[in-house]
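A short write-up of the structure that comes next.
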Amino acid sequence: MSSKQFLEAGERIHILERLMNTNEGIRKADATLPERLLFEPQKDDPQKRLVPLKPMLKKYYKLRGYDNDGLPQKSLLEKLGI
């Protein structure tokens, strides 16, 4: 197995897991982080920033090939043979 094939297999596994989770009712609203990351700034951060989860999720979904609701787009499924 080449490294490219290995990475594609990993991506297919990830997408299949995502599809199974959505079939079980897990949605975008369930995508979250521990409260301490969302509501407690890091002690060593002088700007006392919090994790900007919503903008990060939007970017992550786009990079992954998901739609705005966090579901894999049809073109991604076709590309991976799913």
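Starting from 1 in every chain, residues are counted up; chains themselves are A, B, ... following the order of the structure tokens, and ligands are numbered from 1 as listed.
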
Worksheet item: Using only C-alpha atoms, which residues sit within 12 Å of Leu80 in chain A once same-chain residues fewer than 5 positions away are excluded, as a VMD selection string?
Response: chain A and resid 5 7 to 16 65 72 to 75

Take the residues from that selection and put them in a file with C-alpha atoms, as a PDB file, in the first residue's frame.
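And here's selection.pdb as it stands now:
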```pdb
ATOM      1  CA  GLN A   5      -3.514   4.848  -0.625  1.00  0.00           C
ATOM      2  CA  LEU A   7      -4.102   8.356   3.536  1.00  0.00           C
ATOM      3  CA  GLU A   8      -7.148   7.767   1.321  1.00  0.00           C
ATOM      4  CA  ALA A   9      -8.104   4.721   3.381  1.00  0.00           C
ATOM      5  CA  GLY A  10      -7.859   6.832   6.534  1.00  0.00           C
ATOM      6  CA  GLU A  11     -10.021   9.526   5.012  1.00  0.00           C
ATOM      7  CA  ARG A  12     -12.642   6.949   3.973  1.00  0.00           C
ATOM      8  CA  ILE A  13     -12.670   5.566   7.516  1.00  0.00           C
ATOM      9  CA  HIS A  14     -13.122   9.055   8.954  1.00  0.00           C
ATOM     10  CA  ILE A  15     -15.962   9.878   6.537  1.00  0.00           C
ATOM     11  CA  LEU A  16     -17.712   6.557   7.165  1.00  0.00           C
ATOM     12  CA  GLY A  65     -15.346  18.695   2.335  1.00  0.00           C
ATOM     13  CA  PRO A  72     -19.889  15.085   3.869  1.00  0.00           C
ATOM     14  CA  GLN A  73     -20.745  16.525   0.467  1.00  0.00           C
ATOM     15  CA  LYS A  74     -21.810  14.198  -2.326  1.00  0.00           C
ATOM     16  CA  SER A  75     -18.705  15.061  -4.370  1.00  0.00           C
TER      17      SER A  75
END
```

Worksheet item: Hey, which of A:Leu33, A:Lys28, A:Leu38, A:Arg64 ends up closest to Leu77 in chain A? Count only C-alpha atoms.
Response: A:Arg64

Item to complete: From a DSSP pass on the backbone, collect the residues of chain A flagged as alpha helix (DSSP H) and hand them back as a PyMOL selection string.
Response: chain A and resi 3-23+35-39+53-64+74-80

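What separates CA of Arg18 in chain A from CA of Leu71 in chain A is a distance of 7.7 Å.
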
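Computed from the coordinates, the CA of Ala31 in chain A to CA of Leu76 in chain A distance equals 20.4 Å.
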
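In terms of minimum interatomic distance to Leu53 in chain A, A:Thr32 ranks closest within A:Ser3, A:Asn68, A:Thr32, A:Asn23, counting only C-alpha atoms.
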
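Residues in contact with range 54-57 of chain A at up to 9 Å, not including ones fewer than 3 positions away on its chain and judged by only C-alpha atoms, are Lys28, Ala31, Val51, Tyr60, Tyr61, Lys62 and Gly70 of chain A.
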
Hey, can you spit out that residue selection with C-alpha atoms as a JSON list (two decimals), in the first residue's frame?
```json
[["chain", "number", "residue", "atom", "x", "y", "z"],
["A", 28, "LYS", "CA", -23.52, 20.11, 14.18],
["A", 31, "ALA", "CA", -19.80, 19.43, 17.93],
["A", 51, "VAL", "CA", -11.52, 29.10, 21.69],
["A", 60, "TYR", "CA", -12.89, 22.75, 9.49],
["A", 61, "TYR", "CA", -16.06, 21.66, 7.67],
["A", 62, "LYS", "CA", -14.92, 23.45, 4.53],
["A", 70, "GLY", "CA", -21.11, 19.15, 8.95]]
```

Worksheet item: Glu40 in chain A: which residues within 10 Å, counting only C-alpha atoms, same-chain residues fewer than 3 positions away excluded, as a list in words?
Response: Glu35, Arg36, Leu37, Lys43, Lys48, Arg49, Leu50 and Val51 of chain A

Worksheet item: So, counting only C-alpha atoms, which residue among A:Phe39, A:Asp67, A:Pro52, A:Gly81 is closest to Arg27 in chain A?
Response: A:Asp67

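CA of Lys4 in chain A to CA of Asn21 in chain A spans 25.8 Å [interatomic distance, one decimal].
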